[in-house]
Structures are given as C-alpha cells and as structure tokens.
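Okay, structure first, notes after.
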Amino acid sequence: MTPTHSAALRAALDYAAHGWPVLPLARATDGRCSCGWPADRCTSPGKHPTNPGGCRNATTDPDTIHGWWRRWPTANVGIATGPASGLAVLDVDGEPGRDSLADLEAAHGALPGTVTALTARGCHLLYRWPGGLGNGAGTYGRGLDHRGDGGYIVAPPSVHPTGHVYQWLTADGSDPRPWAHPLPDWPAHVLRTGARAAAPRPVVVPLHRPGDGPLAGLVRVVLNAQPGTRNNAVNWASYRAGEHIARGRLAPEAAASALLAAAAAVGLPEHEAVRTIASGLRSAGAA
Ligand SMILES: [Zn+2]
C-alpha cells in the first residue's frame with residue numbers, strides 16, 4: 001500500500017522534531033521521476049534532492065519543511081547523515097551487499113543490533129556517527145555503502161521506483177519510531193577500510209567475538225539486549241538470521257531454535273518470541 005503524501009510530510013516533521021535534519025527527495029512513479037525525466041534517464045530516480053543545496057540545506061525547521069512539501073507535495077523524505085544528525089548508516093544493497101556483510105560477519109562476528117530500515121533491495125543499518133566518517137561505496141565490500149558527513153538516506157515512508165515502501169523494521173506492536181531504541185556506536189572494529197585484508201584483531205567486547213559465525217553473534221545481540229528492547233533485538237537478530245539463511249549460510253531450524261532459546265533466556269514469553277522470530281525471518285524473505 002502506498003502511503004499518502006502527507007505521510008512523508010508527517011514523518012519529515014517527526015524526524016526533524018527529534019533533531020534529524022530532513023530534505024525533500026524526488027519520487028518516481030510509472031517510469032517517470034518527479035524531476036521530469038523518464039526514470040531510466042534520471043541519474044537517481046526517486047532519490048535525488050529536490051531542494052536547492054540538497055542535504056547541505058537539510059533542516060529541522062518545521063516552517064521550511066511545510067514549505068517544501070507545499071511546493072513538492074509528493075516528495076519522498078531524506079534524512080541527513082553525519083554531524084548534523086549524528087547518524088552513520090551502512091547501506092546493504094541487494095545480493096552483493098548481503099553476501100559481503102555475511103563474509104564480514106563470518107570473519108569478525110555479528111554487527112551490533114540496531115535501528116534498521118528495510119529498503120527495496122536490502123536494508124539501512126543506523127549507528128552513531130563516529131566523527132570523520134564520510135560517504136563511500138564498496139569500501140567494506142561489494143554492495144556495502146556507507147553514509148556519513150555530507151550524505152543522506154532515503155527514509156521511511158518513501159516510495160522506491162519499484163513501488164516498494166521503505167519501512168522501519170520493528171517487532172510486532174513495538175514502537176516504530178527509530179529513536180525509540182538507543183543507537184549503538186558505529187562498528188569500526190568490523191567496518192574499517194581494508195578490513196578484509198587485515199588480520200582480525202582480538203576484540204574485548206564479548207558481543208563482537210570474532211570468528212564464531214553469524215548465529216552466535218546474533219544470539220549474543222539478544223542475550224545482551226536491555227530490558228524494553230529485547231523483543232526488538234529478537235526481531236532484528238531474526239531478520240539478520242533470515243538474510244544468512246537466504247544465502248545458505250545458516251540452517252533455518254538451527255537459527256530459529258537458537259534464537260528461541262536466547263529469547264527464553266532473557267525472559268520473553270515463548271508465544272511472543274515465536275511470533276517475533278517468524279516475523280523477522282519473513283521480513284528477510286526466509287520464511
Ligand atoms: Zn529525477
């Protein structure tokens with residue numbers, strides 16, 4: 001279902017009120033970008049800024065935002081990354097991105113569970129901006145892009161040219177606002193330039209113990225989740241497990257039973273855990 005235009009404006013105002021500067025983006029429908037070009041001739045259909053200055057002029061000012069959506073009522077919504085919002089984002093794009101991330105996690109352990117948006121072909125993983133991080137494509141592997149200073153992401157409920165609606169990954173019934181859960185630090189121990197060439201370093205935080213495969217890391221994300229975030233952690237871990245299952249790197253039964261055991265260990269009722277795990281796996285196309 002395509003969200004109404006006012007849904008993008010409402011989300012933009014919400015993000016801005018939280019202190020995340022926003023900007024209006026093009027929207028592409030029926031093979032045509034709102035900039036006027038056919039989608040196959042536009043450089044970034046449905047994703048490029050429509051405001052002068054783009055993400056440099058992203059704002060938290062409600063009047064400016066209302067003005068932009070009066071001028072471009074169908075605009076998608078972008079969130080500026082980097083120092084303005086404090087966000088650093090790992091963009092896992094398509095099969096190559098999922099494969100690259102699975103390789104990294106096999107070598108270094110699972111990324112910390114975090115706020116995640118489902119995109120048309122993958123996901124955006126949001127972390128705290130570490131300072132100094134800019135933008136790049138493929139730095140950590142094919143299909144893995146990152147956004148920091150001078151960048152932005154296409155945010156929910158924007159509509160991709162394929163018709164896919166960007167959405168926040170949430171456990172059933174949990175608060176869909178992305179700031180309902182604290183953002184972990186950018187996982188620099190995994191995502192560093194040349195990470196795949198360098199020898200794995202010993203890591204002191206047990207959450208990121210390297211070399212023990214994706215499932216153990218995902219289970220620890222659940223075990224280490226704070227009260228109030230546990231259902232979300234189970235959902236996140238299940239979504240990520242689903243990605244590994246879809247790559248043939250995890251057996252579905254092993255993943256589901258390990259996550260169920262972890263959920264039970266942190267006190268989640270079984271029926272709730274079963275539902276959340278199924279929902280997470282489904283979101284990744286693995287169930
Ligand atoms: Zn365009």
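We label chains A, B, ... in the order they appear in the structure tokens, count residues from 1 in each chain, and number ligands from 1 in the order shown.
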
**OP:** Would you list the contacts of Pro184 of chain A as a ChimeraX atom specification, taking every protein, DNA or RNA residue within 8 Å and counting only C-alpha atoms, but skipping same-chain residues closer than 6 positions in sequence?
**Re:** /A:112-114,127-128

Subject >> In segment 106-179 of chain A, DSSP helix (DSSP H, G or I) residues written as a list in words >> reply: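 Those in segment 106-179 of chain A that DSSP calls helix (DSSP H, G or I) are Ala106, Ala107, His108, Pro178 and Trp179 of chain A.
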
Please save C-alpha atoms of the selected residues as a compact mmCIF listing (two decimals), in the first residue's frame.
```txt
# COMPACT_ATOMS: atom_id res chain seq x y z
CA ALA A 106 31.80 -14.68 9.42
CA ALA A 107 35.26 -13.20 9.98
CA HIS A 108 34.54 -10.67 12.72
CA PRO A 178 13.51 4.77 15.07
CA TRP A 179 14.72 6.67 18.14
```

**OP:** Work out how far apart atom CA of Ala58 of chain A and atom CA of Cys33 of chain A are and give it in Å to one decimal.
**Re:** 21.0 Å

Original post:
Quick one: of A:Asn231, A:Asn57, A:Thr170, A:Ser100, who's nearest to Tyr152 of chain A, counting only C-alpha atoms?
Top reply: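 Smallest separation from Tyr152 of chain A among the options: A:Asn57.
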
Original post:
Tyr15 of chain A: which residues within 10 Å, counting only C-alpha atoms, same-chain residues fewer than 3 positions away excluded, as a PyMOL selection string?
Top reply: chain A and resi 9-12+18-22+60+77-79+85+155+177-179

Could you write out the selected residues, including N, CA and C atoms, as a PDB file, in the first residue's frame?
```
ATOM      1  N   LEU A   9       5.343  13.886   4.726  1.00  0.00           N
ATOM      2  CA  LEU A   9       5.474  15.157   5.450  1.00  0.00           C
ATOM      3  C   LEU A   9       5.438  14.927   6.961  1.00  0.00           C
ATOM      4  N   ARG A  10       4.503  14.076   7.395  1.00  0.00           N
ATOM      5  CA  ARG A  10       4.393  13.803   8.834  1.00  0.00           C
ATOM      6  C   ARG A  10       5.682  13.192   9.367  1.00  0.00           C
ATOM      7  N   ALA A  11       6.238  12.243   8.602  1.00  0.00           N
ATOM      8  CA  ALA A  11       7.490  11.609   9.024  1.00  0.00           C
ATOM      9  C   ALA A  11       8.613  12.637   9.055  1.00  0.00           C
ATOM     10  N   ALA A  12       8.650  13.514   8.038  1.00  0.00           N
ATOM     11  CA  ALA A  12       9.705  14.536   7.983  1.00  0.00           C
ATOM     12  C   ALA A  12       9.651  15.421   9.222  1.00  0.00           C
ATOM     13  N   HIS A  18      12.845  15.306  16.280  1.00  0.00           N
ATOM     14  CA  HIS A  18      13.822  14.513  17.016  1.00  0.00           C
ATOM     15  C   HIS A  18      15.241  15.042  16.837  1.00  0.00           C
ATOM     16  N   GLY A  19      15.405  16.034  15.950  1.00  0.00           N
ATOM     17  CA  GLY A  19      16.731  16.616  15.745  1.00  0.00           C
ATOM     18  C   GLY A  19      17.475  16.063  14.539  1.00  0.00           C
ATOM     19  N   TRP A  20      16.767  15.309  13.711  1.00  0.00           N
ATOM     20  CA  TRP A  20      17.383  14.792  12.490  1.00  0.00           C
ATOM     21  C   TRP A  20      16.981  15.701  11.322  1.00  0.00           C
ATOM     22  N   PRO A  21      17.924  16.442  10.740  1.00  0.00           N
ATOM     23  CA  PRO A  21      17.583  17.313   9.613  1.00  0.00           C
ATOM     24  C   PRO A  21      17.094  16.500   8.413  1.00  0.00           C
ATOM     25  N   VAL A  22      16.064  17.016   7.753  1.00  0.00           N
ATOM     26  CA  VAL A  22      15.454  16.308   6.629  1.00  0.00           C
ATOM     27  C   VAL A  22      15.538  17.141   5.358  1.00  0.00           C
ATOM     28  N   THR A  60      15.774  21.197  10.325  1.00  0.00           N
ATOM     29  CA  THR A  60      14.804  20.730  11.317  1.00  0.00           C
ATOM     30  C   THR A  60      13.702  21.773  11.512  1.00  0.00           C
ATOM     31  N   VAL A  77      11.119  11.479   1.515  1.00  0.00           N
ATOM     32  CA  VAL A  77      11.814  12.176   2.602  1.00  0.00           C
ATOM     33  C   VAL A  77      13.204  11.577   2.806  1.00  0.00           C
ATOM     34  N   GLY A  78      14.176  12.484   2.908  1.00  0.00           N
ATOM     35  CA  GLY A  78      15.550  12.060   3.193  1.00  0.00           C
ATOM     36  C   GLY A  78      15.976  12.567   4.557  1.00  0.00           C
ATOM     37  N   ILE A  79      16.907  11.864   5.195  1.00  0.00           N
ATOM     38  CA  ILE A  79      17.487  12.300   6.466  1.00  0.00           C
ATOM     39  C   ILE A  79      18.984  12.505   6.244  1.00  0.00           C
ATOM     40  N   SER A  85      22.988  15.074  12.126  1.00  0.00           N
ATOM     41  CA  SER A  85      22.023  14.198  12.797  1.00  0.00           C
ATOM     42  C   SER A  85      22.698  13.254  13.783  1.00  0.00           C
ATOM     43  N   ALA A 155      14.451   7.789   3.526  1.00  0.00           N
ATOM     44  CA  ALA A 155      13.900   7.282   4.786  1.00  0.00           C
ATOM     45  C   ALA A 155      12.437   6.861   4.625  1.00  0.00           C
ATOM     46  N   ARG A 177       8.971   4.264  15.954  1.00  0.00           N
ATOM     47  CA  ARG A 177       9.861   5.416  15.833  1.00  0.00           C
ATOM     48  C   ARG A 177      11.301   4.955  16.003  1.00  0.00           C
ATOM     49  N   PRO A 178      12.158   5.332  15.061  1.00  0.00           N
ATOM     50  CA  PRO A 178      13.515   4.772  15.071  1.00  0.00           C
ATOM     51  C   PRO A 178      14.313   5.166  16.302  1.00  0.00           C
ATOM     52  N   TRP A 179      13.936   6.242  16.976  1.00  0.00           N
ATOM     53  CA  TRP A 179      14.715   6.671  18.144  1.00  0.00           C
ATOM     54  C   TRP A 179      14.167   6.068  19.436  1.00  0.00           C
TER      55      TRP A 179
END
```

Original post:
Near segment 250-262 of chain A, within 12 Å and counting only C-alpha atoms, which residues show up once chain neighbours fewer than 6 positions away are dropped, as a ChimeraX atom specification?
Top reply: /A:102,106,213-225,230-231,233-244,268-282,285-287

Could you write out that same residue set with C-alpha atoms as a PDB file, in the first residue's frame?
```
ATOM      1  CA  ALA A 102      27.839 -12.183   5.634  1.00  0.00           C
ATOM      2  CA  ALA A 106      31.796 -14.680   9.416  1.00  0.00           C
ATOM      3  CA  GLY A 213      29.994 -17.214  12.803  1.00  0.00           C
ATOM      4  CA  PRO A 214      26.869 -15.200  12.405  1.00  0.00           C
ATOM      5  CA  LEU A 215      24.469 -17.175  14.570  1.00  0.00           C
ATOM      6  CA  ALA A 216      26.497 -16.942  17.784  1.00  0.00           C
ATOM      7  CA  GLY A 217      26.842 -13.191  17.297  1.00  0.00           C
ATOM      8  CA  LEU A 218      23.128 -12.763  16.679  1.00  0.00           C
ATOM      9  CA  VAL A 219      22.300 -14.808  19.744  1.00  0.00           C
ATOM     10  CA  ARG A 220      24.558 -12.543  21.818  1.00  0.00           C
ATOM     11  CA  VAL A 221      22.718  -9.489  20.455  1.00  0.00           C
ATOM     12  CA  VAL A 222      19.587 -10.968  22.044  1.00  0.00           C
ATOM     13  CA  LEU A 223      21.307 -12.032  25.265  1.00  0.00           C
ATOM     14  CA  ASN A 224      22.865  -8.583  25.738  1.00  0.00           C
ATOM     15  CA  ALA A 225      19.691  -6.599  24.924  1.00  0.00           C
ATOM     16  CA  ARG A 230      14.512  -7.402  23.937  1.00  0.00           C
ATOM     17  CA  ASN A 231      11.616  -8.076  21.602  1.00  0.00           C
ATOM     18  CA  ALA A 233      16.544  -7.338  19.495  1.00  0.00           C
ATOM     19  CA  VAL A 234      14.964 -10.729  18.779  1.00  0.00           C
ATOM     20  CA  ASN A 235      13.268  -9.270  15.731  1.00  0.00           C
ATOM     21  CA  TRP A 236      16.491  -7.695  14.489  1.00  0.00           C
ATOM     22  CA  ALA A 237      18.509 -10.853  15.056  1.00  0.00           C
ATOM     23  CA  SER A 238      15.829 -12.896  13.278  1.00  0.00           C
ATOM     24  CA  TYR A 239      15.811 -10.543  10.323  1.00  0.00           C
ATOM     25  CA  ARG A 240      19.596 -10.759  10.057  1.00  0.00           C
ATOM     26  CA  ALA A 241      19.486 -14.541  10.535  1.00  0.00           C
ATOM     27  CA  GLY A 242      16.974 -14.659   7.700  1.00  0.00           C
ATOM     28  CA  GLU A 243      19.492 -12.945   5.462  1.00  0.00           C
ATOM     29  CA  HIS A 244      22.097 -15.595   6.300  1.00  0.00           C
ATOM     30  CA  LEU A 268      10.494 -13.294  26.617  1.00  0.00           C
ATOM     31  CA  PRO A 269       7.268 -15.340  26.659  1.00  0.00           C
ATOM     32  CA  GLU A 270       7.517 -18.183  24.167  1.00  0.00           C
ATOM     33  CA  HIS A 271       4.452 -17.288  22.096  1.00  0.00           C
ATOM     34  CA  GLU A 272       5.728 -13.746  21.720  1.00  0.00           C
ATOM     35  CA  ALA A 273       9.204 -14.951  20.769  1.00  0.00           C
ATOM     36  CA  VAL A 274       7.851 -17.410  18.201  1.00  0.00           C
ATOM     37  CA  ARG A 275       5.800 -14.670  16.573  1.00  0.00           C
ATOM     38  CA  THR A 276       8.677 -12.203  16.581  1.00  0.00           C
ATOM     39  CA  ILE A 277      11.173 -14.676  15.140  1.00  0.00           C
ATOM     40  CA  ALA A 278       8.747 -15.681  12.380  1.00  0.00           C
ATOM     41  CA  SER A 279       8.137 -12.022  11.582  1.00  0.00           C
ATOM     42  CA  GLY A 280      11.859 -11.257  11.455  1.00  0.00           C
ATOM     43  CA  LEU A 281      12.622 -14.221   9.219  1.00  0.00           C
ATOM     44  CA  ARG A 282       9.702 -13.294   6.969  1.00  0.00           C
ATOM     45  CA  GLY A 285      12.356 -13.427   2.844  1.00  0.00           C
ATOM     46  CA  ALA A 286      13.480 -16.550   4.672  1.00  0.00           C
ATOM     47  CA  ALA A 287      10.154 -17.842   5.935  1.00  0.00           C
TER      48      ALA A 287
END
```

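Minimum distance to Gly136 of chain A across A:Asp172, A:Glu105, A:Asp99, A:Asp91 (counting only C-alpha atoms) occurs at A:Asp91.
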
Subject >> Which of A:Gln167, A:Thr64, A:Thr229, A:Thr50 sits closest to ligand 1 [using only C-alpha atoms and all ligand atoms] >> reply: A:Thr50

**OP:** If you run DSSP over the backbone, which residues in segment 55-208 of chain A end up strand (DSSP E or B)? Put them as a PyMOL selection string.
**Re:** chain A and resi 59+76-80+82+87-92+116-118+123-128+136-137+144-147+152-155+159+165+167-168+185

**OP:** With a distance cut-off of 8 Å and only C-alpha atoms, select the neighbouring residues of His160 of chain A, excluding the residue or stretch itself and same-chain residues fewer than 4 positions from it, and output the selection as a VMD selection string.
**Re:** chain A and resid 27 to 28 46 to 47 120 164 to 166

Original post:
Which polymer residues have any atom within 12 Å of an atom of Asp185 of chain A, counting only C-alpha atoms, with same-chain residues fewer than 5 positions away left out, as a list of chain:residue names?
Top reply: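 Skipping anything fewer than 5 positions along the chain leaves A:Gly86, A:Leu87, A:Ala88, A:Val89, A:Leu111, A:Pro112, A:Gly113, A:Thr114, A:Val115, A:Leu125, A:Leu126, A:Tyr127, A:Arg128, A:Trp129, A:Pro130, A:Gly131, A:Val190, A:Leu191.
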
Residues from the last selection, C-alpha atoms, saved as a compact mmCIF listing (two decimals), in the first residue's frame:
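Full text of again-v6.txt as output:
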```txt
# COMPACT_ATOMS: atom_id res chain seq x y z
CA GLY A 86 24.71 12.12 14.49
CA LEU A 87 23.85 9.22 12.19
CA ALA A 88 26.14 6.90 10.29
CA VAL A 89 24.41 4.41 8.04
CA LEU A 111 27.28 -6.34 13.84
CA PRO A 112 25.59 -4.83 16.91
CA GLY A 113 21.80 -4.97 16.65
CA THR A 114 20.41 -1.58 15.78
CA VAL A 115 17.67 0.52 14.24
CA LEU A 125 21.61 -0.10 9.48
CA LEU A 126 21.77 3.07 11.61
CA TYR A 127 24.62 3.68 14.03
CA ARG A 128 26.04 6.61 15.94
CA TRP A 129 28.25 8.75 13.71
CA PRO A 130 31.84 8.24 14.86
CA GLY A 131 33.26 11.56 13.65
CA VAL A 190 34.26 -4.62 11.56
CA LEU A 191 33.75 -1.72 9.19
```

Original post:
Between atom CA of Leu25 of chain A and atom CA of Asn51 of chain A, what is the distance, to one decimal in Å?
Top reply: 7.7 Å

**OP:** Could you report the residues within 8 Å of ligand 1, using only C-alpha atoms and all ligand atoms, as a list in words?
**Re:**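 Checking only C-alpha atoms and all ligand atoms against ligand 1 at 8 Å gives Ala26, Arg27, Ala28, Arg32, Cys33, Ser34, Cys35, Gly36, Trp37, Pro38, Ala39, Cys42, Thr43, Ser44, Pro45, Gly46, Lys47 and His48 of chain A.
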
Write the selection just made, keeping N, CA and C atoms, as a CSV table (one decimal), in the first residue's frame?
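See result-v2.csv below for the written result:
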```
chain,number,residue,atom,x,y,z
A,26,ALA,N,13.1,13.5,-4.7
A,26,ALA,CA,12.2,13.2,-5.9
A,26,ALA,C,11.4,11.9,-5.6
A,27,ARG,N,10.3,11.7,-6.3
A,27,ARG,CA,9.6,10.4,-6.3
A,27,ARG,C,9.4,10.0,-7.7
A,28,ALA,N,9.7,8.7,-8.0
A,28,ALA,CA,9.5,8.2,-9.3
A,28,ALA,C,8.3,7.2,-9.3
A,32,ARG,N,8.5,7.4,-14.5
A,32,ARG,CA,9.0,8.8,-14.6
A,32,ARG,C,9.3,9.4,-13.3
A,33,CYS,N,10.5,10.1,-13.2
A,33,CYS,CA,10.9,10.7,-12.0
A,33,CYS,C,10.2,12.1,-11.9
A,34,SER,N,10.0,12.5,-10.7
A,34,SER,CA,9.3,13.8,-10.5
A,34,SER,C,10.1,15.0,-11.0
A,35,CYS,N,11.4,14.8,-11.3
A,35,CYS,CA,12.2,15.9,-11.8
A,35,CYS,C,11.8,16.1,-13.3
A,36,GLY,N,11.0,15.2,-13.9
A,36,GLY,CA,10.5,15.4,-15.3
A,36,GLY,C,11.2,14.4,-16.2
A,37,TRP,N,12.3,13.8,-15.8
A,37,TRP,CA,13.0,12.8,-16.7
A,37,TRP,C,12.3,11.5,-16.6
A,38,PRO,N,12.3,10.7,-17.7
A,38,PRO,CA,12.0,9.3,-17.6
A,38,PRO,C,12.9,8.6,-16.6
A,39,ALA,N,12.4,7.7,-15.8
A,39,ALA,CA,13.2,7.1,-14.7
A,39,ALA,C,14.6,6.6,-15.2
A,42,CYS,N,17.0,9.6,-15.6
A,42,CYS,CA,17.4,10.4,-14.4
A,42,CYS,C,18.6,9.7,-13.7
A,43,THR,N,19.5,10.4,-13.2
A,43,THR,CA,20.7,9.8,-12.6
A,43,THR,C,20.3,9.0,-11.3
A,44,SER,N,19.3,9.5,-10.6
A,44,SER,CA,19.0,8.8,-9.3
A,44,SER,C,17.5,8.9,-9.1
A,45,PRO,N,16.7,8.2,-9.9
A,45,PRO,CA,15.2,8.4,-9.9
A,45,PRO,C,14.6,8.1,-8.5
A,46,GLY,N,13.8,9.1,-8.1
A,46,GLY,CA,13.1,8.9,-6.8
A,46,GLY,C,14.0,9.0,-5.6
A,47,LYS,N,15.3,9.5,-5.8
A,47,LYS,CA,16.2,9.5,-4.6
A,47,LYS,C,16.9,10.8,-4.5
A,48,HIS,N,17.0,11.6,-5.6
A,48,HIS,CA,17.8,12.8,-5.5
A,48,HIS,C,17.0,14.0,-4.9
```

**OP:** Select, from A:Gly122, A:Gly53, A:Gly228, A:Pro161, the residue with the minimum atom-to-atom distance to Leu90 of chain A, counting only C-alpha atoms.
**Re:**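 Of A:Gly122, A:Gly53, A:Gly228, A:Pro161, the one nearest Leu90 of chain A, counting only C-alpha atoms, is A:Gly122.
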
Subject >> Non-local contacts of Ala117 of chain A (6 Å; only C-alpha atoms; under 6 positions in same chain excluded) as number ranges by chain >> reply: A: 123-124, 167-169

Original post:
Of the candidates A:Leu183, A:Ala171, A:Ala264, A:Ala8, which one gets nearest to Val154 of chain A if we count only C-alpha atoms?
Top reply: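 Selected residue with least distance to Val154 of chain A: A:Ala8.
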
Original post:
So what do you get for atom CA of Pro24 of chain A versus atom CA of Asp175 of chain A, distance-wise?
Top reply: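 Between these atoms lies a distance of 24.5 Å.
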
**OP:** Considering only C-alpha atoms, state which residue in the set A:Asn232, A:Gln226, A:Thr74, A:Thr119 is at the smallest distance from Asp93 of chain A.
**Re:**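 Once distances to Asp93 of chain A are computed over only C-alpha atoms, the minimum belongs to A:Thr119.
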